[in-house]
Each structure stands twice: as structure tokens, then as C-alpha cells.
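Since the structure comes first, as C-alpha cells, the remarks are kept for the end.
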Amino acid sequence: MAEFVQSPFVTGYLWPFILIVLSIIAIIVPVLIAVAYLTYAERKVLAAMQLRMGPNVVGPFGLWQPFADGLKLFLKETIIPTGANKVVFVLAPMITFILAMIGWAVIPFDDGWVLADINVGILYLFAVSSLGVYGIIMAGWASNSKYAFLGALRSAAQMVSYEVAIGFVLITVLVCVGSLNLSDIVRAQEDGIWFFIPLFPMFVIFIVSALAETNRAPFDLPEAESELVAGFNVEYSAMTFALFFLGEYANMILMSALATTLFLGGWLPPFGVEPFTWIPGPIWFILKVCLCLFFFLWVRATFPRYRYDQLMRLGWKVFLPISLAAVVIVSGALVVFDWLPR
């Protein structure tokens with residue numbers, strides 16, 4: 001037995017594989033629990049802002065409500081429309097959910113606490129988020145419904161439009177840091193000045209674009225209950241609908257984690273002085289993500305839904321020129337004042 005444990009196969013292949021699997025589980029399970037309780041938090045926050053109670057029956061303070069909802073969706077029958085393309089119909093929500101999960105591979109929770117500390121982490125995340133549009137297009141087309149297809153088209157157009165602005169925001173941060181590694185971006189903020197201070201307009205554009213990218217209010221045009229009867233997922237039920245639901249909320253948490261990493265110092269404590277330094281880095285990271293998520297919920301309770309022409313005008317005529325100008329101005333300032341990262 002000892003010889004097997006010390007064999008090259010175990011030490012070189014099996015044990016690293018087991019460690020990777022355990023690391024993946026250690027990330028995915030908390031994310032899924034966070035997604036479940038984000039739905040609970042949203043209902044409670046909206047209820048408080050609208051002077052209602054929210055979930056308060058299933059368990060103490062309604063804390064078991066997310067598990068009751070999940071169990072209900074798991075036990076319901078999955079209904080596939082007769083004219084639908086069955087393979088694509090079932091594959092679409094799986095793609096949406098998987099893409100929302102694999103983005104967490106490059107998010108650093110603390111110094112060294114990252115599954116894949118690759119040098120192109122930003123490009124990886126941008127590519128993964130860009131692929132999310134395929135799941136929505138596949139769902140709308142495979143449903144064989146005009147309502148679902150129209151909802152998928154407007155959702156795809158919305159996501160593509162705001163990805164352009166997000167891309168220029170990322171470039172602005174990368175120019176300041178000189179690295180595409182997410183851990184390096186956090187370390188570049190160790191001097192106490194988080195990037196949301198000097199790049200505040202870019203931070204605002206990123207947060208608003210994240211709302212549009214995740215189809216959240218006031219940019220939840222793909223939902224469109226009044227004209228499209230819930231948009232691209234109108235024909236979905238049971239666990240196929242639940243996967244879309246989980247993917248949307250997991251993307252919200254992922255975009256909040258990315259905003260925390262790029263602009264809010266990641267795992268770094270505020271001011272970098274005691275007693276803030278006594279609290280571990282992962283706790284600060286989670287608190288900052290929760291702050292961003294609260295903003296998502298706050299906006300939903302505050303603003304009415306945009307018209308589609310307003311949505312497109314904001315993305316193409318406001319955010320795109322401002323973010324492009326910011327890239328030029330920031331790059332020029334770094335060159336002129338010799339502030340380029342070494």
C-alpha cells in the first residue's frame with residue numbers, strides 16, 4: 001500500500017487531480033449556496049423597501065424558502081414543446097449554467113487563493129461572459145416560439161452592446177496595471193487607493209453595464225412580461241428553467257466579484273491599517289461582493305424599466321464614447337506623466 005501511495009502515478013497524476021477536484025467543489029458548492037440565498041436576500045430586501053414581509057413561513061425567518069423552491073423545481077415535470085428541437089432545448093440552459101460556473105476559476109479570493117492563477121485571467125472572463133449569449137439564442141430558437149425567439153434576439157443584442165463598453169473599461173484598468181492577471185490587479189491597489197477612486201466614471205459604467213449584461217432591472221428587457229410573456233425562457237419549466245435562474249444569479253455574483261477585484265481592492269482591507277487588517281482577506285472579499293449585490297437589488301426596487309430604444313442609446317451613444325475616450329485619456333496621461341507600470 002505504501003509503495004502504491006508513493007508511486008509516480010499517485011504523486012504525479014492522481015493526487016494533483018484529486019486536489020483540483022476538491023478545489024472545484026470548494027468553489028462551486030459555496031457559490032450554489034450563495035445563489036440560493038441571494039434569491040432569499042432579494043425577496044427580503046425588496047419586501048423591506050416596499051413595506052412587506054417577504055418569505056417568513058418556511059423555517060425560522062423563512063430561511064428554508066430557497067431549498068423549498070429548489071425542491072419544488074426539481075420534482076416538477078420537465079415539459080418540452082412538441083415542435084421544439086429537443087437536444088438544443090435541453091442543452092441551452094446547461095450551457096448558460098456551466099458558463100456561469102467556470103468563470104470562477106480565475107477569481108482570487110485571497111492572495112494565492114485562486115484555482116487557476118493564469119496571466120490572461122481578464123481575457124478568460126471576457127471570453128466566458130461573451131459565450132453566455134449562445135445559451136440564450138439557442139433557447140429562443142429551439143423553443144419554436146415567436147415570443148421566445150424575439151426575447152432571445154433582444155437579449156443577445158443587449159448583451160453584445162454592453163459587452164463592448166465593459167471591454168473598454170477592462171482595457172482602462174489593464175493599462176493602469178500592466179497585467180491581465182487578476183491577482184496582480186488586486187496587488188496594484190495595495191497602496192491604499194482602490195481603482196474606483198481615480199477611475200470612478202469607469203466604475204459607474206462597469207456597474208451599470210453589469211446590470212444590462214445580466215439582464216437585471218432596469219435593463220430586464222428580455223423578461224418583458226407585458227409584451228413577450230417572459231422572453232427567451234417562456235417555454236421552459238422545472239429544472240431547465242431552474243438552470244437559467246441559477247445562471248442569472250450566479251452571473252450577478254460573478255460580476256460583483258469582478259467589480260470587487262478590479263475596482264474595490266479585492267481581498268485588501270480598507271485603508272490598510274489596523275484594526276481592518278485583523279480581518280482575513282476572504283472576509284473582506286465577501287463583504288465587498290455583498291455590497292455590490294445589494295446595489296443590484298436596490299436598483300431593482302428603485303428604477304422603472306427602460307424602453308428598448310433608451311437601452312440601446314445608453315449603450316452605444318453614451319457608454320461606448322465615454323469608455324473609449326477614457327482609454328485614450330488614461331493611456332495618454334500614463335505616458336505623459338511617466339506613470340506606466342514597470
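Each chain in the C-alpha cells gets a letter, A, B and so on, in the order shown; residues start at 1 in every chain, and ligands are counted from 1 in the order they appear.
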Handout entry: Residue neighbourhood Trp267 in chain A, 7 Å, only C-alpha atoms, exclusion window fewer than 2 positions, as a PyMOL selection string
Key = chain A and resi 109-110+265+269+281-282+284-285
Contacts of range 60-137 of chain A with range 160-172 of chain A up to 8 Å, shortest pair per row, only C-alpha atoms, as JSON lines:
```
{"residue": "A:Ile122", "atom": "CA", "partner": "A:Leu170", "partner_atom": "CA", "distance": 7.7}
{"residue": "A:Phe126", "atom": "CA", "partner": "A:Gly167", "partner_atom": "CA", "distance": 7.5}
{"residue": "A:Ser130", "atom": "CA", "partner": "A:Glu163", "partner_atom": "CA", "distance": 7.3}
{"residue": "A:Val133", "atom": "CA", "partner": "A:Val160", "partner_atom": "CA", "distance": 7.9}
```
How about saving the chosen residues, N, CA and C atoms kept, as a tab-separated table (two decimals), in the first residue's frame?
```
chain	number	residue	atom	x	y	z
A	122	ILE	N	-8.24	38.08	-17.23
A	122	ILE	CA	-9.26	39.02	-17.73
A	122	ILE	C	-9.80	38.55	-19.07
A	126	PHE	N	-13.64	37.55	-19.96
A	126	PHE	CA	-14.35	38.25	-21.04
A	126	PHE	C	-14.86	37.26	-22.08
A	130	SER	N	-18.80	36.43	-22.86
A	130	SER	CA	-19.28	36.63	-24.23
A	130	SER	C	-19.99	35.39	-24.76
A	133	VAL	N	-24.16	34.48	-24.42
A	133	VAL	CA	-25.24	34.84	-25.34
A	133	VAL	C	-25.71	33.63	-26.15
```
Practice task
Find the spatial neighbours of Leu73 in chain A, counting only C-alpha atoms, within a cut-off of 8 Å - ignore same-chain residues fewer than 3 positions away - and output them as a list in words.
Solution key: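 The residues that qualify are Asp69, Gly70, Lys76, Ser237, Ala238, Met239 and Ala242 of chain A.
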Quick one: which range 252-291 of chain A residues come within 9 Å of range 185-193 of chain A, and what is the nearest atom pair for each with the distance in Å to one decimal, counting only C-alpha atoms, rows ordered by chain and ascending number, as a tab-separated table?
```
residue	atom	partner	partner_atom	distance
A:Thr261	CA	A:Val186	CA	6.0
A:Leu262	CA	A:Ile185	CA	6.5
A:Phe263	CA	A:Val186	CA	8.5
A:Leu264	CA	A:Val186	CA	8.5
A:Gly265	CA	A:Val186	CA	5.4
A:Gly266	CA	A:Val186	CA	5.6
A:Trp267	CA	A:Val186	CA	7.6
A:Leu268	CA	A:Glu190	CA	7.0
A:Pro269	CA	A:Gly192	CA	8.8
A:Pro270	CA	A:Gly192	CA	7.2
A:Phe271	CA	A:Gly192	CA	5.4
A:Gly272	CA	A:Gly192	CA	6.2
```
Atoms kept (C-alpha atoms) for selection, written as a compact mmCIF listing (two decimals), in the first residue's frame:
```txt
# COMPACT_ATOMS: atom_id res chain seq x y z
CA THR A 261 -11.36 42.65 -7.94
CA LEU A 262 -10.99 45.44 -10.49
CA PHE A 263 -12.13 48.48 -8.53
CA LEU A 264 -12.62 47.70 -4.83
CA GLY A 265 -9.28 46.18 -3.88
CA GLY A 266 -10.30 42.52 -3.91
CA TRP A 267 -9.25 40.91 -0.63
CA LEU A 268 -7.44 44.04 0.61
CA PRO A 269 -8.75 45.74 3.79
CA PRO A 270 -9.80 49.40 3.57
CA PHE A 271 -7.07 51.93 4.39
CA GLY A 272 -4.61 49.06 5.01
```
Exercise for the section: Identify which of the residues A:Cys176, A:Ile79, A:Val31, A:Ala156 lies closest to Leu131 in chain A, counting only C-alpha atoms when measuring atom-to-atom distances. Expected result: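 Residue with the minimum atom-to-atom distance to Leu131 in chain A: A:Ala156.
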Problem - Best match for closeness to Ser183 in chain A among A:Thr96, A:Pro275, A:Phe206, A:Asp117, counting only C-alpha atoms - result: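 When distances to Ser183 in chain A are compared using only C-alpha atoms, the smallest one comes from A:Asp117.
In this comparison, which uses only C-alpha atoms, the residue of A:Ala217, A:Leu199, A:Ile283, A:Ala92 approaching Val299 in chain A most closely is A:Ala217.
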Residue neighbourhood Gln310 in chain A, 12 Å, only C-alpha atoms, exclusion window fewer than 4 positions, as a PDB file with N, CA and C atoms, in the first residue's frame:
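Just written: out.pdb:
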```
ATOM      1  N   GLN A 158     -28.767  43.129 -26.513  1.00  0.00           N
ATOM      2  CA  GLN A 158     -28.459  43.870 -25.289  1.00  0.00           C
ATOM      3  C   GLN A 158     -27.114  43.452 -24.712  1.00  0.00           C
ATOM      4  N   PRO A 218     -32.839  48.020 -14.146  1.00  0.00           N
ATOM      5  CA  PRO A 218     -33.934  48.401 -15.049  1.00  0.00           C
ATOM      6  C   PRO A 218     -33.719  47.988 -16.507  1.00  0.00           C
ATOM      7  N   PHE A 219     -32.788  47.056 -16.730  1.00  0.00           N
ATOM      8  CA  PHE A 219     -32.488  46.627 -18.103  1.00  0.00           C
ATOM      9  C   PHE A 219     -32.993  45.208 -18.357  1.00  0.00           C
ATOM     10  N   LEU A 221     -35.132  43.909 -20.139  1.00  0.00           N
ATOM     11  CA  LEU A 221     -35.986  43.900 -21.335  1.00  0.00           C
ATOM     12  C   LEU A 221     -36.264  42.494 -21.840  1.00  0.00           C
ATOM     13  N   ARG A 305     -38.415  50.172 -15.576  1.00  0.00           N
ATOM     14  CA  ARG A 305     -37.747  49.523 -16.708  1.00  0.00           C
ATOM     15  C   ARG A 305     -37.549  50.515 -17.865  1.00  0.00           C
ATOM     16  N   TYR A 306     -36.383  50.437 -18.501  1.00  0.00           N
ATOM     17  CA  TYR A 306     -36.079  51.258 -19.671  1.00  0.00           C
ATOM     18  C   TYR A 306     -36.874  50.778 -20.883  1.00  0.00           C
ATOM     19  N   LEU A 314     -28.260  54.338 -24.552  1.00  0.00           N
ATOM     20  CA  LEU A 314     -27.321  54.441 -23.431  1.00  0.00           C
ATOM     21  C   LEU A 314     -26.044  53.651 -23.711  1.00  0.00           C
ATOM     22  N   GLY A 315     -26.196  52.447 -24.266  1.00  0.00           N
ATOM     23  CA  GLY A 315     -25.025  51.612 -24.516  1.00  0.00           C
ATOM     24  C   GLY A 315     -24.131  52.133 -25.624  1.00  0.00           C
ATOM     25  N   TRP A 316     -24.724  52.532 -26.758  1.00  0.00           N
ATOM     26  CA  TRP A 316     -23.940  52.886 -27.946  1.00  0.00           C
ATOM     27  C   TRP A 316     -23.584  54.361 -28.028  1.00  0.00           C
ATOM     28  N   LYS A 317     -24.454  55.238 -27.517  1.00  0.00           N
ATOM     29  CA  LYS A 317     -24.221  56.679 -27.666  1.00  0.00           C
ATOM     30  C   LYS A 317     -23.677  57.354 -26.412  1.00  0.00           C
ATOM     31  N   VAL A 318     -23.709  56.669 -25.293  1.00  0.00           N
ATOM     32  CA  VAL A 318     -23.203  57.254 -24.053  1.00  0.00           C
ATOM     33  C   VAL A 318     -22.007  56.471 -23.523  1.00  0.00           C
TER      34      VAL A 318
END
```
Problem - Spatial neighbours of Gly83 in chain A, max dist 12 Å, only C-alpha atoms, sep filter under 2 positions, as number ranges by chain - result: A: 79-81, 85-87, 89, 141-145, 235
Handout entry: Two-atom distance - CA of Ala47 in chain A, CA of Ile253 in chain A (Å)
Key = 20.7 Å
Handout entry: DSSP-assigned helix (DSSP H, G or I) members of range 61-268 of chain A, reported as a PyMOL selection string
Key = chain A and resi 61-62+65-75+86-106+121-142+146-177+182-187+200-213+225-228+231-233+238-263
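The space separating CA of Val35 in chain A from CA of Leu71 in chain A comes to 14.7 Å.
Note that the spacing between CA of Asp309 in chain A and CA of Gly135 in chain A amounts to 24.0 Å.
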Problem - Selection: 12 Å around Ser155 in chain A, only C-alpha atoms, excl. self and same-chain fewer than 6 positions, as JSON, numbers by chain - result: {"A": [132, 133, 134, 135, 136, 137, 138, 139, 140, 148, 149, 161, 162, 212, 213, 214, 215, 216, 219, 220, 221, 222, 223, 224, 228, 230, 231, 232, 233, 308, 311, 312]}
